[in-house]
Amino acid sequence: MIRAILWDVDGTLAETERDGHRVAFNLAFESMGLPWRWDEAHYGALLRITGGRERLLHDMARRSDAPVLADERIELSRELHRRKTARYAALMREQPTPLRDGVRELIESARAEGVRMAIATTTSRANVVALLSHHFGAQWTQVFETVVCGEDVRHKKPDPEVYRRCLSALALEPNEAVAIEDSPGGVAAAQAAGVPVVVTRSEYFADAPIDSAVAIGPGLHTRDGWRPAPALGPGGIGMEDLRHWCMQMESVSHLP
């Protein structure tokens with residue numbers, strides 16, 4: 001029985017990467033007088049690295065104009081990430097990224113059935129607060145009763161720690177929850193924790209290889225394009241479909 005849905009955030013709840021986080025990183029670079037700018041393609045490649053500071057360090061390692069000493073790079077990454085987080089919060093207030101189609105509907109229908117909502121992400125808590133407080137108001141923590149973020153774990157996705165901590169906080173077994181993810185790293189993290197995963201393809205991971213999900217589809221708003229096909233019924237993806245896929249427990253993959 002599914003007792004909880006464990007939501008990834010960036011790319012899953014909302015398409016925050018291209019016009020949210022990427023823009024905020026570029027504003028942080030500008031604020032420090034750095035000539036670096038991440039275009040859409042380069043940022044898409046960097047998303048294979050989990051975590052904002054980790055992406056900064058990965059990028060700096062390949063730049064001739066970055067600090068040479070490792071300690072200086074670490075300090076610069078911390079300050080850039082601090083500024084980026086502040087600018088992301090401002091963007092969410094001024095030009096908030098909408099929830100992906102079908103997300104709110106699934107959350108509301110699942111909660112009406114007594115299914116618990118949780119967040120399992122390796123983005124920072126400040127980013128989560130900025131997004132969810134806009135869409136669900138000041139009482140958003142009453143919607144998502146457990147929130148595990150990047151600050152709460154030692155190892156980020158694809159490590160399963162974030163999902164194991166989430167399950168522990170909810171006092172649930174892995175087969176009592178379902179994860180909703182968009183990226184290969186997120187899928188791997190949930191799978192390693194024993195949690196079945198439903199994948200909703202996002203902009204940056206539209207064609208990424210995915211291994212061992214219980215279902216893969218274009219979004220929660222439609223019943224078209226899913227493998228396996230959802231249960232019979234109208235509208236977008238609902239709890240009946242999640243139960244249907246988890247009961248089958250036949251993993252599907254998309255490998256190029």
# chains A, B, ... in the order shown; residues from 1 in each chain; ligands from 1
call {"tool": "residues_around", "arguments": {"residues": "segment 9-14 of chain A", "least_positions_apart": "6", "cutoff": "9 Å", "atoms": "only C-alpha atoms", "output": "ChimeraX atom specification"}}
result
/A:97-101,103-104,119-123,128,131,180-183,199-205,219
call {"tool": "write_last_selection", "arguments": {"atoms": "N, CA and C atoms", "output": "PDB file, in the first residue's frame"}}
result
ATOM      1  N   THR A  97       8.485  30.353 -10.792  1.00  0.00           N
ATOM      2  CA  THR A  97       8.319  29.257 -11.740  1.00  0.00           C
ATOM      3  C   THR A  97       7.049  28.488 -11.392  1.00  0.00           C
ATOM      4  N   PRO A  98       6.160  28.258 -12.355  1.00  0.00           N
ATOM      5  CA  PRO A  98       4.931  27.525 -12.041  1.00  0.00           C
ATOM      6  C   PRO A  98       5.208  26.057 -11.736  1.00  0.00           C
ATOM      7  N   LEU A  99       4.324  25.436 -10.978  1.00  0.00           N
ATOM      8  CA  LEU A  99       4.377  23.992 -10.812  1.00  0.00           C
ATOM      9  C   LEU A  99       4.136  23.337 -12.169  1.00  0.00           C
ATOM     10  N   ARG A 100       4.719  22.184 -12.367  1.00  0.00           N
ATOM     11  CA  ARG A 100       4.460  21.453 -13.600  1.00  0.00           C
ATOM     12  C   ARG A 100       2.995  21.031 -13.643  1.00  0.00           C
ATOM     13  N   ASP A 101       2.456  20.951 -14.843  1.00  0.00           N
ATOM     14  CA  ASP A 101       1.062  20.562 -15.012  1.00  0.00           C
ATOM     15  C   ASP A 101       0.816  19.189 -14.386  1.00  0.00           C
ATOM     16  N   VAL A 103       0.865  18.426 -11.215  1.00  0.00           N
ATOM     17  CA  VAL A 103       1.481  18.236  -9.900  1.00  0.00           C
ATOM     18  C   VAL A 103       0.502  18.573  -8.782  1.00  0.00           C
ATOM     19  N   ARG A 104      -0.077  19.771  -8.828  1.00  0.00           N
ATOM     20  CA  ARG A 104      -0.997  20.165  -7.760  1.00  0.00           C
ATOM     21  C   ARG A 104      -2.193  19.220  -7.683  1.00  0.00           C
ATOM     22  N   ILE A 119       9.227  15.670   0.831  1.00  0.00           N
ATOM     23  CA  ILE A 119      10.228  16.168  -0.108  1.00  0.00           C
ATOM     24  C   ILE A 119      11.535  15.418   0.140  1.00  0.00           C
ATOM     25  N   ALA A 120      12.120  14.890  -0.935  1.00  0.00           N
ATOM     26  CA  ALA A 120      13.426  14.225  -0.865  1.00  0.00           C
ATOM     27  C   ALA A 120      14.302  14.837  -1.951  1.00  0.00           C
ATOM     28  N   THR A 121      15.061  15.856  -1.572  1.00  0.00           N
ATOM     29  CA  THR A 121      15.827  16.608  -2.561  1.00  0.00           C
ATOM     30  C   THR A 121      17.229  16.885  -2.039  1.00  0.00           C
ATOM     31  N   THR A 122      18.142  17.148  -2.938  1.00  0.00           N
ATOM     32  CA  THR A 122      19.473  17.553  -2.493  1.00  0.00           C
ATOM     33  C   THR A 122      19.744  19.017  -2.833  1.00  0.00           C
ATOM     34  N   THR A 123      18.695  19.755  -3.211  1.00  0.00           N
ATOM     35  CA  THR A 123      18.826  21.207  -3.290  1.00  0.00           C
ATOM     36  C   THR A 123      18.766  21.765  -1.875  1.00  0.00           C
ATOM     37  N   VAL A 128      13.939  25.304  -1.508  1.00  0.00           N
ATOM     38  CA  VAL A 128      12.655  24.635  -1.328  1.00  0.00           C
ATOM     39  C   VAL A 128      11.629  25.592  -0.737  1.00  0.00           C
ATOM     40  N   LEU A 131      10.348  28.189  -3.311  1.00  0.00           N
ATOM     41  CA  LEU A 131       9.398  27.663  -4.287  1.00  0.00           C
ATOM     42  C   LEU A 131       8.058  27.299  -3.652  1.00  0.00           C
ATOM     43  N   ILE A 180       8.771  10.264  -6.959  1.00  0.00           N
ATOM     44  CA  ILE A 180       8.568  10.870  -8.278  1.00  0.00           C
ATOM     45  C   ILE A 180       9.812  11.690  -8.584  1.00  0.00           C
ATOM     46  N   GLU A 181      10.466  11.341  -9.688  1.00  0.00           N
ATOM     47  CA  GLU A 181      11.767  11.903 -10.043  1.00  0.00           C
ATOM     48  C   GLU A 181      11.787  12.264 -11.524  1.00  0.00           C
ATOM     49  N   ASP A 182      12.852  12.983 -11.915  1.00  0.00           N
ATOM     50  CA  ASP A 182      13.010  13.325 -13.332  1.00  0.00           C
ATOM     51  C   ASP A 182      14.385  12.981 -13.886  1.00  0.00           C
ATOM     52  N   SER A 183      15.353  12.682 -13.015  1.00  0.00           N
ATOM     53  CA  SER A 183      16.732  12.526 -13.468  1.00  0.00           C
ATOM     54  C   SER A 183      17.272  11.135 -13.175  1.00  0.00           C
ATOM     55  N   VAL A 199       8.903   8.227 -13.134  1.00  0.00           N
ATOM     56  CA  VAL A 199       9.699   9.288 -13.753  1.00  0.00           C
ATOM     57  C   VAL A 199       8.820  10.169 -14.626  1.00  0.00           C
ATOM     58  N   THR A 200       8.834  11.467 -14.336  1.00  0.00           N
ATOM     59  CA  THR A 200       8.184  12.448 -15.204  1.00  0.00           C
ATOM     60  C   THR A 200       9.275  13.228 -15.913  1.00  0.00           C
ATOM     61  N   ARG A 201       9.404  13.030 -17.189  1.00  0.00           N
ATOM     62  CA  ARG A 201      10.491  13.632 -17.964  1.00  0.00           C
ATOM     63  C   ARG A 201      10.475  15.157 -17.846  1.00  0.00           C
ATOM     64  N   SER A 202      11.653  15.750 -17.639  1.00  0.00           N
ATOM     65  CA  SER A 202      11.782  17.203 -17.536  1.00  0.00           C
ATOM     66  C   SER A 202      12.543  17.740 -18.737  1.00  0.00           C
ATOM     67  N   GLU A 203      12.638  19.060 -18.838  1.00  0.00           N
ATOM     68  CA  GLU A 203      13.301  19.697 -19.980  1.00  0.00           C
ATOM     69  C   GLU A 203      14.736  19.219 -20.157  1.00  0.00           C
ATOM     70  N   TYR A 204      15.481  19.190 -19.080  1.00  0.00           N
ATOM     71  CA  TYR A 204      16.893  18.862 -19.187  1.00  0.00           C
ATOM     72  C   TYR A 204      17.175  17.365 -19.244  1.00  0.00           C
ATOM     73  N   PHE A 205      16.211  16.548 -18.865  1.00  0.00           N
ATOM     74  CA  PHE A 205      16.418  15.100 -18.888  1.00  0.00           C
ATOM     75  C   PHE A 205      15.387  14.403 -19.774  1.00  0.00           C
ATOM     76  N   GLY A 219       4.738  13.589 -18.202  1.00  0.00           N
ATOM     77  CA  GLY A 219       4.243  14.509 -17.189  1.00  0.00           C
ATOM     78  C   GLY A 219       2.975  13.972 -16.548  1.00  0.00           C
TER      79      GLY A 219
END
call {"tool": "residues_around", "arguments": {"residues": "His21 of chain A", "least_positions_apart": "3", "cutoff": "12 Å", "atoms": "only C-alpha atoms", "output": "ChimeraX atom specification"}}
result
/A:10-11,14-18,24-28,38-40,43-44,46-47,51-52,55,81,83-92,96-97,123-124,127-128,130-131
call {"tool": "select_by_dssp", "arguments": {"residues": "segment 7-234 of chain A", "states": "helix (DSSP H, G or I)", "output": "CSV table (one decimal) with N, CA and C atoms, in the first residue's frame"}}
result
chain,number,residue,atom,x,y,z
A,17,GLU,N,15.1,24.7,-13.3
A,17,GLU,CA,16.6,24.7,-13.6
A,17,GLU,C,17.0,25.8,-14.6
A,18,ARG,N,16.4,25.9,-15.8
A,18,ARG,CA,16.8,26.8,-16.8
A,18,ARG,C,16.6,28.2,-16.5
A,19,ASP,N,15.4,28.6,-16.1
A,19,ASP,CA,15.1,30.0,-15.9
A,19,ASP,C,15.1,30.4,-14.4
A,20,GLY,N,15.5,29.5,-13.5
A,20,GLY,CA,15.6,29.8,-12.1
A,20,GLY,C,17.0,29.7,-11.6
A,21,HIS,N,17.5,28.5,-11.4
A,21,HIS,CA,18.8,28.3,-10.8
A,21,HIS,C,19.9,28.8,-11.8
A,22,ARG,N,19.8,28.5,-13.0
A,22,ARG,CA,20.8,28.9,-14.0
A,22,ARG,C,20.9,30.5,-14.0
A,23,VAL,N,19.8,31.1,-14.1
A,23,VAL,CA,19.8,32.6,-14.0
A,23,VAL,C,20.4,33.1,-12.7
A,24,ALA,N,20.1,32.5,-11.6
A,24,ALA,CA,20.6,32.9,-10.3
A,24,ALA,C,22.1,32.7,-10.2
A,25,PHE,N,22.6,31.7,-10.8
A,25,PHE,CA,24.1,31.5,-10.8
A,25,PHE,C,24.7,32.6,-11.6
A,26,ASN,N,24.2,32.9,-12.8
A,26,ASN,CA,24.8,34.0,-13.6
A,26,ASN,C,24.7,35.3,-12.9
A,27,LEU,N,23.7,35.6,-12.2
A,27,LEU,CA,23.6,36.8,-11.4
A,27,LEU,C,24.6,36.8,-10.3
A,28,ALA,N,24.9,35.7,-9.7
A,28,ALA,CA,25.9,35.6,-8.6
A,28,ALA,C,27.3,35.9,-9.2
A,29,PHE,N,27.6,35.3,-10.4
A,29,PHE,CA,28.8,35.6,-11.1
A,29,PHE,C,29.0,37.1,-11.3
A,30,GLU,N,27.9,37.7,-11.8
A,30,GLU,CA,28.0,39.1,-12.2
A,30,GLU,C,28.2,39.9,-10.9
A,31,SER,N,27.6,39.5,-9.8
A,31,SER,CA,27.7,40.3,-8.6
A,31,SER,C,29.2,40.3,-8.0
A,40,GLU,N,22.4,27.7,-21.6
A,40,GLU,CA,21.5,26.6,-21.3
A,40,GLU,C,22.1,25.2,-21.6
A,41,ALA,N,22.9,25.1,-22.6
A,41,ALA,CA,23.6,23.9,-22.9
A,41,ALA,C,24.6,23.5,-21.9
A,42,HIS,N,25.4,24.5,-21.5
A,42,HIS,CA,26.5,24.2,-20.5
A,42,HIS,C,25.9,23.8,-19.2
A,43,TYR,N,24.8,24.5,-18.8
A,43,TYR,CA,24.2,24.2,-17.5
A,43,TYR,C,23.5,22.8,-17.6
A,44,GLY,N,23.0,22.5,-18.7
A,44,GLY,CA,22.4,21.1,-18.8
A,44,GLY,C,23.4,20.1,-18.6
A,45,ALA,N,24.7,20.3,-19.1
A,45,ALA,CA,25.7,19.3,-18.9
A,45,ALA,C,26.1,19.3,-17.4
A,46,LEU,N,26.1,20.5,-16.8
A,46,LEU,CA,26.5,20.5,-15.4
A,46,LEU,C,25.5,19.8,-14.4
A,52,GLY,N,24.6,22.4,-6.1
A,52,GLY,CA,25.1,23.6,-6.6
A,52,GLY,C,26.5,23.9,-6.4
A,53,ARG,N,27.0,23.7,-5.2
A,53,ARG,CA,28.4,24.0,-4.9
A,53,ARG,C,29.3,23.0,-5.6
A,54,GLU,N,28.8,21.8,-5.7
A,54,GLU,CA,29.6,20.7,-6.5
A,54,GLU,C,29.7,21.1,-7.9
A,55,ARG,N,28.6,21.7,-8.5
A,55,ARG,CA,28.7,22.1,-9.9
A,55,ARG,C,29.7,23.2,-10.1
A,56,LEU,N,29.7,24.2,-9.1
A,56,LEU,CA,30.6,25.3,-9.2
A,56,LEU,C,32.1,24.8,-9.2
A,57,LEU,N,32.4,23.8,-8.3
A,57,LEU,CA,33.7,23.3,-8.2
A,57,LEU,C,34.1,22.5,-9.4
A,58,HIS,N,33.2,21.8,-10.0
A,58,HIS,CA,33.4,21.0,-11.2
A,58,HIS,C,33.7,22.0,-12.3
A,59,ASP,N,33.0,23.0,-12.4
A,59,ASP,CA,33.2,24.0,-13.5
A,59,ASP,C,34.5,24.8,-13.3
A,60,MET,N,34.8,25.1,-12.1
A,60,MET,CA,36.1,25.9,-11.8
A,60,MET,C,37.3,25.0,-12.1
A,70,ALA,N,43.0,24.8,-4.2
A,70,ALA,CA,41.8,24.2,-3.9
A,70,ALA,C,41.0,24.9,-2.8
A,71,ASP,N,41.7,25.4,-1.7
A,71,ASP,CA,41.0,26.1,-0.6
A,71,ASP,C,40.3,27.4,-1.1
A,72,GLU,N,41.0,28.1,-2.1
A,72,GLU,CA,40.4,29.3,-2.6
A,72,GLU,C,39.2,29.0,-3.5
A,73,ARG,N,39.2,27.9,-4.2
A,73,ARG,CA,38.0,27.5,-5.0
A,73,ARG,C,36.9,27.1,-4.1
A,74,ILE,N,37.2,26.4,-3.0
A,74,ILE,CA,36.1,26.0,-2.1
A,74,ILE,C,35.5,27.3,-1.4
A,75,GLU,N,36.3,28.2,-1.0
A,75,GLU,CA,35.8,29.5,-0.4
A,75,GLU,C,35.0,30.3,-1.5
A,76,LEU,N,35.5,30.3,-2.7
A,76,LEU,CA,34.7,31.0,-3.7
A,76,LEU,C,33.4,30.3,-4.0
A,77,SER,N,33.4,29.0,-4.1
A,77,SER,CA,32.2,28.3,-4.3
A,77,SER,C,31.1,28.5,-3.2
A,78,ARG,N,31.6,28.7,-2.0
A,78,ARG,CA,30.6,28.9,-0.9
A,78,ARG,C,30.0,30.3,-1.0
A,79,GLU,N,30.8,31.3,-1.4
A,79,GLU,CA,30.3,32.6,-1.5
A,79,GLU,C,29.4,32.8,-2.7
A,80,LEU,N,29.8,32.2,-3.8
A,80,LEU,CA,28.9,32.2,-5.0
A,80,LEU,C,27.6,31.5,-4.7
A,81,HIS,N,27.7,30.4,-4.1
A,81,HIS,CA,26.4,29.7,-3.8
A,81,HIS,C,25.5,30.4,-2.8
A,82,ARG,N,26.1,31.1,-1.9
A,82,ARG,CA,25.3,31.9,-0.9
A,82,ARG,C,24.6,33.0,-1.7
A,83,ARG,N,25.3,33.7,-2.6
A,83,ARG,CA,24.7,34.8,-3.4
A,83,ARG,C,23.7,34.2,-4.4
A,84,LYS,N,24.0,33.1,-5.0
A,84,LYS,CA,23.0,32.5,-5.9
A,84,LYS,C,21.7,32.1,-5.2
A,85,THR,N,21.8,31.5,-4.0
A,85,THR,CA,20.6,31.2,-3.2
A,85,THR,C,19.7,32.4,-3.0
A,86,ALA,N,20.4,33.5,-2.6
A,86,ALA,CA,19.6,34.7,-2.3
A,86,ALA,C,18.9,35.2,-3.6
A,87,ARG,N,19.6,35.2,-4.7
A,87,ARG,CA,19.1,35.6,-6.0
A,87,ARG,C,18.0,34.7,-6.5
A,88,TYR,N,18.1,33.4,-6.2
A,88,TYR,CA,17.1,32.5,-6.6
A,88,TYR,C,15.8,32.8,-5.8
A,89,ALA,N,15.9,33.0,-4.5
A,89,ALA,CA,14.7,33.4,-3.7
A,89,ALA,C,14.1,34.6,-4.2
A,90,ALA,N,14.9,35.6,-4.6
A,90,ALA,CA,14.3,36.9,-5.2
A,90,ALA,C,13.6,36.6,-6.5
A,91,LEU,N,14.1,35.7,-7.3
A,91,LEU,CA,13.5,35.4,-8.6
A,91,LEU,C,12.1,34.7,-8.3
A,92,MET,N,12.1,33.8,-7.3
A,92,MET,CA,10.9,33.1,-7.0
A,92,MET,C,9.8,34.1,-6.5
A,93,ARG,N,10.2,35.2,-5.9
A,93,ARG,CA,9.2,36.2,-5.5
A,93,ARG,C,8.8,37.0,-6.6
A,94,GLU,N,9.7,37.4,-7.5
A,94,GLU,CA,9.4,38.3,-8.6
A,94,GLU,C,8.8,37.6,-9.8
A,103,VAL,N,0.9,18.4,-11.2
A,103,VAL,CA,1.5,18.2,-9.9
A,103,VAL,C,0.5,18.6,-8.8
A,104,ARG,N,-0.1,19.8,-8.8
A,104,ARG,CA,-1.0,20.2,-7.8
A,104,ARG,C,-2.2,19.2,-7.7
A,105,GLU,N,-2.7,18.8,-8.8
A,105,GLU,CA,-3.8,17.9,-8.9
A,105,GLU,C,-3.5,16.6,-8.2
A,106,LEU,N,-2.4,16.0,-8.5
A,106,LEU,CA,-2.0,14.8,-7.8
A,106,LEU,C,-1.8,15.0,-6.3
A,107,ILE,N,-1.2,16.0,-5.9
A,107,ILE,CA,-1.0,16.3,-4.5
A,107,ILE,C,-2.3,16.4,-3.8
A,108,GLU,N,-3.2,17.2,-4.3
A,108,GLU,CA,-4.5,17.4,-3.7
A,108,GLU,C,-5.3,16.1,-3.6
A,109,SER,N,-5.4,15.4,-4.7
A,109,SER,CA,-6.2,14.1,-4.7
A,109,SER,C,-5.6,13.1,-3.8
A,110,ALA,N,-4.2,13.0,-3.8
A,110,ALA,CA,-3.6,12.0,-2.9
A,110,ALA,C,-3.8,12.3,-1.4
A,111,ARG,N,-3.7,13.6,-1.1
A,111,ARG,CA,-3.9,14.0,0.3
A,111,ARG,C,-5.4,13.8,0.7
A,112,ALA,N,-6.3,13.9,-0.2
A,112,ALA,CA,-7.7,13.7,0.1
A,112,ALA,C,-7.9,12.2,0.4
A,125,ARG,N,17.6,23.9,1.5
A,125,ARG,CA,16.3,24.2,2.1
A,125,ARG,C,15.8,25.6,1.7
A,126,ALA,N,16.7,26.6,1.6
A,126,ALA,CA,16.2,27.9,1.2
A,126,ALA,C,15.5,27.9,-0.2
A,127,ASN,N,16.1,27.1,-1.1
A,127,ASN,CA,15.4,27.0,-2.4
A,127,ASN,C,14.1,26.3,-2.3
A,128,VAL,N,13.9,25.3,-1.5
A,128,VAL,CA,12.7,24.6,-1.3
A,128,VAL,C,11.6,25.6,-0.7
A,129,VAL,N,12.0,26.3,0.3
A,129,VAL,CA,11.1,27.3,0.9
A,129,VAL,C,10.7,28.3,-0.1
A,130,ALA,N,11.6,28.8,-0.9
A,130,ALA,CA,11.3,29.9,-1.9
A,130,ALA,C,10.2,29.4,-2.8
A,131,LEU,N,10.3,28.2,-3.3
A,131,LEU,CA,9.4,27.7,-4.3
A,131,LEU,C,8.1,27.3,-3.7
A,132,LEU,N,8.1,26.5,-2.6
A,132,LEU,CA,6.9,26.0,-2.0
A,132,LEU,C,6.0,27.0,-1.3
A,133,SER,N,6.7,28.0,-0.6
A,133,SER,CA,5.9,29.0,0.1
A,133,SER,C,5.1,29.8,-0.9
A,134,HIS,N,5.7,30.0,-2.1
A,134,HIS,CA,4.9,30.8,-3.1
A,134,HIS,C,3.7,30.0,-3.6
A,135,HIS,N,3.8,28.7,-3.8
A,135,HIS,CA,2.7,27.9,-4.4
A,135,HIS,C,1.8,27.4,-3.4
A,136,PHE,N,2.2,27.2,-2.1
A,136,PHE,CA,1.3,26.6,-1.1
A,136,PHE,C,1.1,27.5,0.1
A,140,TRP,N,2.9,25.8,3.9
A,140,TRP,CA,3.3,24.7,3.0
A,140,TRP,C,3.8,23.4,3.8
A,141,THR,N,4.3,23.6,5.0
A,141,THR,CA,4.8,22.5,5.7
A,141,THR,C,3.7,21.6,6.2
A,142,GLN,N,2.4,22.1,6.1
A,142,GLN,CA,1.3,21.2,6.5
A,142,GLN,C,1.0,20.3,5.3
A,150,GLY,N,19.5,19.2,1.0
A,150,GLY,CA,20.9,19.0,0.8
A,150,GLY,C,21.7,19.1,2.1
A,151,GLU,N,21.3,20.1,3.0
A,151,GLU,CA,22.0,20.3,4.2
A,151,GLU,C,21.8,19.1,5.2
A,152,ASP,N,20.8,18.3,4.9
A,152,ASP,CA,20.5,17.2,5.9
A,152,ASP,C,21.3,15.9,5.6
A,161,GLU,N,21.0,8.2,0.6
A,161,GLU,CA,20.8,8.8,1.9
A,161,GLU,C,19.6,9.6,2.1
A,162,VAL,N,19.3,10.5,1.1
A,162,VAL,CA,18.2,11.4,1.2
A,162,VAL,C,16.9,10.6,1.3
A,163,TYR,N,16.7,9.5,0.6
A,163,TYR,CA,15.5,8.7,0.7
A,163,TYR,C,15.5,7.9,1.9
A,164,ARG,N,16.6,7.4,2.4
A,164,ARG,CA,16.6,6.7,3.7
A,164,ARG,C,16.2,7.6,4.8
A,165,ARG,N,16.7,8.8,4.8
A,165,ARG,CA,16.3,9.7,5.9
A,165,ARG,C,14.9,10.1,5.8
A,166,CYS,N,14.4,10.3,4.6
A,166,CYS,CA,12.9,10.6,4.4
A,166,CYS,C,12.0,9.5,5.0
A,167,LEU,N,12.4,8.3,4.6
A,167,LEU,CA,11.6,7.1,5.1
A,167,LEU,C,11.7,7.0,6.6
A,168,SER,N,12.8,7.2,7.2
A,168,SER,CA,13.0,7.1,8.6
A,168,SER,C,12.1,8.2,9.3
A,169,ALA,N,12.1,9.4,8.8
A,169,ALA,CA,11.3,10.5,9.4
A,169,ALA,C,9.8,10.1,9.3
A,170,LEU,N,9.4,9.5,8.2
A,170,LEU,CA,8.0,9.1,8.1
A,170,LEU,C,7.6,7.8,8.8
A,174,PRO,N,10.3,1.0,2.6
A,174,PRO,CA,10.5,1.5,1.2
A,174,PRO,C,9.3,1.2,0.3
A,175,ASN,N,8.7,0.0,0.5
A,175,ASN,CA,7.5,-0.4,-0.4
A,175,ASN,C,6.2,0.3,0.0
A,176,GLU,N,6.3,1.1,1.1
A,176,GLU,CA,5.1,1.9,1.4
A,176,GLU,C,5.1,3.3,0.9
A,184,PRO,N,18.3,10.7,-13.9
A,184,PRO,CA,18.9,9.4,-13.6
A,184,PRO,C,19.5,9.3,-12.2
A,185,GLY,N,20.1,10.4,-11.8
A,185,GLY,CA,20.7,10.4,-10.4
A,185,GLY,C,19.6,10.2,-9.3
A,186,GLY,N,18.5,10.9,-9.5
A,186,GLY,CA,17.4,10.7,-8.6
A,186,GLY,C,16.8,9.4,-8.6
A,187,VAL,N,16.6,8.8,-9.8
A,187,VAL,CA,16.1,7.4,-9.9
A,187,VAL,C,17.0,6.5,-9.2
A,188,ALA,N,18.3,6.6,-9.4
A,188,ALA,CA,19.3,5.7,-8.8
A,188,ALA,C,19.2,5.8,-7.3
A,189,ALA,N,19.1,7.0,-6.8
A,189,ALA,CA,19.0,7.2,-5.3
A,189,ALA,C,17.8,6.5,-4.7
A,190,ALA,N,16.6,6.7,-5.3
A,190,ALA,CA,15.4,6.0,-4.8
A,190,ALA,C,15.5,4.5,-4.9
A,191,GLN,N,16.0,4.1,-6.0
A,191,GLN,CA,16.1,2.6,-6.2
A,191,GLN,C,17.1,2.0,-5.2
A,192,ALA,N,18.2,2.7,-4.9
A,192,ALA,CA,19.1,2.1,-4.0
A,192,ALA,C,18.5,2.1,-2.6
call {"tool": "residues_around", "arguments": {"residues": "Gly235 of chain A", "least_positions_apart": "3", "cutoff": "9 Å", "atoms": "only C-alpha atoms", "output": "VMD selection string"}}
result
chain A and resid 221 to 223 238
call {"tool": "write_last_selection", "arguments": {"atoms": "C-alpha atoms", "output": "PDB file, in the first residue's frame"}}
result
ATOM      1  CA  HIS A 221      -0.999  16.035 -16.647  1.00  0.00           C
ATOM      2  CA  THR A 222      -1.476  13.432 -19.377  1.00  0.00           C
ATOM      3  CA  ARG A 223      -2.188   9.744 -19.772  1.00  0.00           C
ATOM      4  CA  GLY A 238      -3.652   9.890 -10.095  1.00  0.00           C
TER       5      GLY A 238
END
call {"tool": "select_by_dssp", "arguments": {"residues": "segment 22-221 of chain A", "states": "strand (DSSP E or B)", "output": "JSON, numbers by chain"}}
result
{"A": [99, 116, 117, 118, 119, 120, 144, 145, 146, 147, 148, 177, 178, 179, 180, 181, 197, 198, 199, 200, 210, 211, 212, 213, 215, 216, 217]}
